[in-house]
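Input: a single structure, listed below in structure tokens.
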Amino acid sequence: MTDLVTRKDQDGIAIISLNRPEALNALSPSLFVELHAHIDALGQQSDSIGCVILRGNGRSFSAGNDLKAMQAGDVAPHPTFQAETVEMIEDLPQPVIGEIAGHCYTGALELALACDLLVCGEGAKFADTHGKWALTPLWGMSQRLPRRVGIPCAKEMMFTGRIVSGAEAFQIGLANKCVPDQDLPETALQLARDIVENSWHTLRADKMLLNKGQEFGLKAGLQFERDNSPGRASGDEERLSGFKKE
């Protein structure tokens with residue numbers, strides 16, 4: 001039986017690929033079960049994996065939630081399983097890069113928004129189509145999208161359901177980079193390489209401080225940083241002793 005989600009490790013980088021290309025990587029409950037297992041494992045491997053790339057095999061990241069699979073009786077272990085899996089991605093200690101090609105619709109956009117950084121191809125298509133099917137967000141769209149692009153832009157995307165191109169996604173801050181489609185895999189991989197060259201101790205601390213800090217106002221956030229920043233690395237991760245003045 002073919003894996004619905006695959007993993008490949010390369011020089012401290014884990015590449016997680018949705019693997020239903022014939023269905024544009026539609027997010028069936030069974031796919032989420034496999035994705036959950038991979039994310040759970042990665043959360044315990046921060047000493048060997050410094051960065052994660054989340055992508056889709058084939059021509060699309062994902063066309064979104066698989067309504068046909070649900071109608072056919074494919075169900076998640078419990079009602080909030082998918083939302084919790086998306087939150088697990090956001091809470092991974094490692095930085096996560098979303099590599100977005102082709103479709104990234106609705107549930108897939110909610111999945112992508114859990115990534116720290118997004119790199120997309122020029123042919124990428126982002127949309128929130130909940131309104132076209134009389135559905136409402138359950139996996140974080142109403143919270144993560146406005147935090148990424150601002151409230152007015154998020155409202156427009158959610159109210160209209162219109163398609164946002166890769167170039168526009170970059171312009172509005174949804175994506176960090178937009179590159180020619182053929183350059184997308186290497187661009188995402190190079191970004192991951194640039195990340196893992198830095199101290200993993202710092203990467204883990206930066207992500208925690210940035211994510212948790214969003215829960216506070218400025219003054220409380222400053223206090224949170226002072227109270228929770230782990231400070232200089234020690235042991236094998238210590239680097240300052242190698243610093244030499246010119």
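Residue numbers start at 1 in each chain; chains themselves are named A, B, ... in the order of the structure tokens; ligands are numbered from 1 in the order shown.
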
Under the rule of at most 12 Å, produce a per-residue listing of range 64-178 of chain A near range 2-13 of chain A: chain, number, name, the closest pair of atoms, and the distance in Å, as JSON lines, using only C-alpha atoms.
{"residue": "A:Gln94", "atom": "CA", "partner": "A:Ile13", "partner_atom": "CA", "distance": 9.7}
{"residue": "A:Pro95", "atom": "CA", "partner": "A:Ile13", "partner_atom": "CA", "distance": 10.1}
{"residue": "A:Val96", "atom": "CA", "partner": "A:Ile13", "partner_atom": "CA", "distance": 9.9}
{"residue": "A:Ile97", "atom": "CA", "partner": "A:Ile13", "partner_atom": "CA", "distance": 10.5}

- Message: I'd like the neighbourhood of Asp66 in chain A as a list in words, where a residue qualifies if any of its atoms comes within 6 Å (using only C-alpha atoms), though same-chain residues fewer than 5 positions away should be ignored.
- Response: Ala26, Leu27 and Ser28 of chain A

field: Separation of CA of Gln82 in chain A from CA of Asp47 in chain A in Å
entry: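 These two atoms are separated by 26.4 Å.
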
Write out as a tab-separated table a residue-level contact list of range 67-172 of chain A versus range 183-189 of chain A with cut-off 12 Å: for each qualifying residue the closest pair of atoms and the distance in Å to one decimal, counting only C-alpha atoms, rows sorted by chain and residue number upward.
residue	atom	partner	partner_atom	distance
A:Val96	CA	A:Ala188	CA	10.5
A:Ile97	CA	A:Ala188	CA	7.2
A:Gly98	CA	A:Ala188	CA	8.0
A:Glu99	CA	A:Ala188	CA	6.2
A:Ile100	CA	A:Leu184	CA	8.1
A:Ala101	CA	A:Leu184	CA	7.7
A:Gly102	CA	A:Leu184	CA	11.0
A:Leu117	CA	A:Ala188	CA	9.6
A:Leu118	CA	A:Ala188	CA	8.6
A:Val119	CA	A:Ala188	CA	6.3
A:Cys120	CA	A:Leu184	CA	6.6
A:Gly121	CA	A:Leu184	CA	5.7
A:Glu122	CA	A:Leu184	CA	8.9
A:Gly123	CA	A:Leu184	CA	10.3
A:Ala124	CA	A:Leu184	CA	10.4
A:Gly166	CA	A:Leu184	CA	11.4

Residue contacts of Glu168 in chain A (12 Å, only C-alpha atoms) excluding same-chain residues fewer than 5 positions away, as an MDAnalysis selection string: chainID A and resid 120:127 149 153 157 162:163 173:179

With all heavy atoms kept, could you save the residues just selected as a compact mmCIF listing (two decimals), in the first residue's frame?
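File written: out-v6.txt
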# COMPACT_ATOMS: atom_id res chain seq x y z
N CYS A 120 6.66 29.85 -2.62
CA CYS A 120 5.70 29.38 -3.61
C CYS A 120 6.24 29.55 -5.02
O CYS A 120 7.13 30.36 -5.28
CB CYS A 120 4.36 30.09 -3.46
SG CYS A 120 4.34 31.83 -3.95
N GLY A 121 5.66 28.79 -5.94
CA GLY A 121 5.95 28.95 -7.35
C GLY A 121 5.04 30.00 -7.96
O GLY A 121 3.98 30.33 -7.41
N GLU A 122 5.43 30.50 -9.10
CA GLU A 122 4.61 31.50 -9.78
C GLU A 122 3.23 30.95 -10.15
O GLU A 122 2.26 31.69 -10.25
CB GLU A 122 5.33 32.00 -11.03
CG GLU A 122 6.58 32.82 -10.72
CD GLU A 122 7.37 33.19 -11.96
OE1 GLU A 122 7.14 32.55 -13.03
OE2 GLU A 122 8.20 34.11 -11.88
N GLY A 123 3.15 29.66 -10.32
CA GLY A 123 1.87 29.04 -10.67
C GLY A 123 1.02 28.65 -9.47
O GLY A 123 -0.03 28.02 -9.64
N ALA A 124 1.44 29.01 -8.28
CA ALA A 124 0.68 28.67 -7.08
C ALA A 124 -0.66 29.40 -7.09
O ALA A 124 -0.79 30.52 -7.59
CB ALA A 124 1.47 29.03 -5.83
N LYS A 125 -1.66 28.76 -6.50
CA LYS A 125 -3.01 29.33 -6.40
C LYS A 125 -3.51 29.14 -4.97
O LYS A 125 -3.76 28.02 -4.54
CB LYS A 125 -3.96 28.66 -7.39
CG LYS A 125 -3.56 28.83 -8.84
CD LYS A 125 -4.52 28.07 -9.75
CE LYS A 125 -4.14 28.22 -11.22
NZ LYS A 125 -5.08 27.48 -12.11
N PHE A 126 -3.65 30.24 -4.25
CA PHE A 126 -4.13 30.21 -2.87
C PHE A 126 -5.58 30.66 -2.84
O PHE A 126 -5.95 31.63 -3.51
CB PHE A 126 -3.30 31.15 -1.99
CG PHE A 126 -1.85 30.82 -1.90
CD1 PHE A 126 -0.95 31.30 -2.84
CD2 PHE A 126 -1.36 30.04 -0.87
CE1 PHE A 126 0.41 31.02 -2.75
CE2 PHE A 126 0.00 29.75 -0.76
CZ PHE A 126 0.88 30.25 -1.70
N ALA A 127 -6.41 30.01 -2.05
CA ALA A 127 -7.81 30.45 -1.91
C ALA A 127 -8.42 29.84 -0.66
O ALA A 127 -8.06 28.73 -0.25
CB ALA A 127 -8.63 30.07 -3.13
N VAL A 149 -1.45 38.12 6.91
CA VAL A 149 -1.63 39.12 5.85
C VAL A 149 -2.36 40.38 6.31
O VAL A 149 -2.50 41.33 5.53
CB VAL A 149 -2.37 38.51 4.63
CG1 VAL A 149 -1.62 37.31 4.09
CG2 VAL A 149 -3.81 38.14 4.98
N CYS A 153 -7.08 42.21 4.39
CA CYS A 153 -6.76 41.29 3.31
C CYS A 153 -7.34 39.90 3.59
O CYS A 153 -7.87 39.25 2.68
CB CYS A 153 -5.25 41.21 3.13
SG CYS A 153 -4.73 40.29 1.67
N MET A 157 -10.09 37.78 1.24
CA MET A 157 -9.88 36.42 0.78
C MET A 157 -10.99 35.49 1.26
O MET A 157 -11.50 34.66 0.49
CB MET A 157 -8.51 35.90 1.25
CG MET A 157 -7.32 36.50 0.55
SD MET A 157 -5.75 35.77 1.11
CE MET A 157 -5.93 34.07 0.54
N ARG A 162 -11.76 34.29 -3.63
CA ARG A 162 -11.02 34.45 -4.88
C ARG A 162 -9.63 33.80 -4.80
O ARG A 162 -9.09 33.59 -3.73
CB ARG A 162 -10.88 35.93 -5.24
CG ARG A 162 -9.91 36.72 -4.38
CD ARG A 162 -9.82 38.17 -4.87
NE ARG A 162 -8.86 38.95 -4.10
CZ ARG A 162 -7.56 38.99 -4.38
NH1 ARG A 162 -7.06 38.29 -5.38
NH2 ARG A 162 -6.75 39.74 -3.65
N ILE A 163 -9.08 33.53 -5.97
CA ILE A 163 -7.77 32.90 -6.07
C ILE A 163 -6.69 33.97 -6.01
O ILE A 163 -6.76 34.98 -6.72
CB ILE A 163 -7.66 32.08 -7.36
CG1 ILE A 163 -8.61 30.89 -7.31
CG2 ILE A 163 -6.22 31.60 -7.57
CD1 ILE A 163 -8.70 30.12 -8.61
N GLY A 173 2.41 39.35 1.64
CA GLY A 173 3.08 38.78 2.80
C GLY A 173 2.64 37.39 3.18
O GLY A 173 3.05 36.86 4.21
N LEU A 174 1.81 36.77 2.33
CA LEU A 174 1.42 35.39 2.59
C LEU A 174 2.59 34.45 2.35
O LEU A 174 2.80 33.49 3.10
CB LEU A 174 0.24 35.02 1.68
CG LEU A 174 -0.31 33.59 1.76
CD1 LEU A 174 -0.73 33.23 3.16
CD2 LEU A 174 -1.48 33.43 0.78
N ALA A 175 3.38 34.72 1.32
CA ALA A 175 4.57 33.94 1.00
C ALA A 175 5.81 34.79 1.19
O ALA A 175 5.79 35.99 0.92
CB ALA A 175 4.51 33.41 -0.43
N ASN A 176 6.89 34.16 1.63
CA ASN A 176 8.17 34.86 1.79
C ASN A 176 8.89 35.03 0.46
O ASN A 176 9.64 36.00 0.28
CB ASN A 176 9.07 34.09 2.75
CG ASN A 176 8.51 34.01 4.14
OD1 ASN A 176 7.68 33.14 4.42
ND2 ASN A 176 8.93 34.90 5.02
N LYS A 177 8.70 34.08 -0.45
CA LYS A 177 9.35 34.12 -1.75
C LYS A 177 8.38 33.58 -2.80
O LYS A 177 7.59 32.67 -2.51
CB LYS A 177 10.62 33.27 -1.78
CG LYS A 177 11.74 33.71 -0.84
CD LYS A 177 12.90 32.71 -0.91
CE LYS A 177 14.02 33.05 0.08
NZ LYS A 177 14.75 34.26 -0.34
N CYS A 178 8.47 34.10 -4.02
CA CYS A 178 7.77 33.54 -5.17
C CYS A 178 8.79 33.40 -6.29
O CYS A 178 9.43 34.38 -6.68
CB CYS A 178 6.61 34.45 -5.60
SG CYS A 178 5.73 33.85 -7.07
N VAL A 179 8.94 32.20 -6.80
CA VAL A 179 9.98 31.91 -7.78
C VAL A 179 9.38 31.14 -8.95
O VAL A 179 8.27 30.60 -8.85
CB VAL A 179 11.13 31.09 -7.15
CG1 VAL A 179 11.78 31.86 -6.01
CG2 VAL A 179 10.62 29.73 -6.65
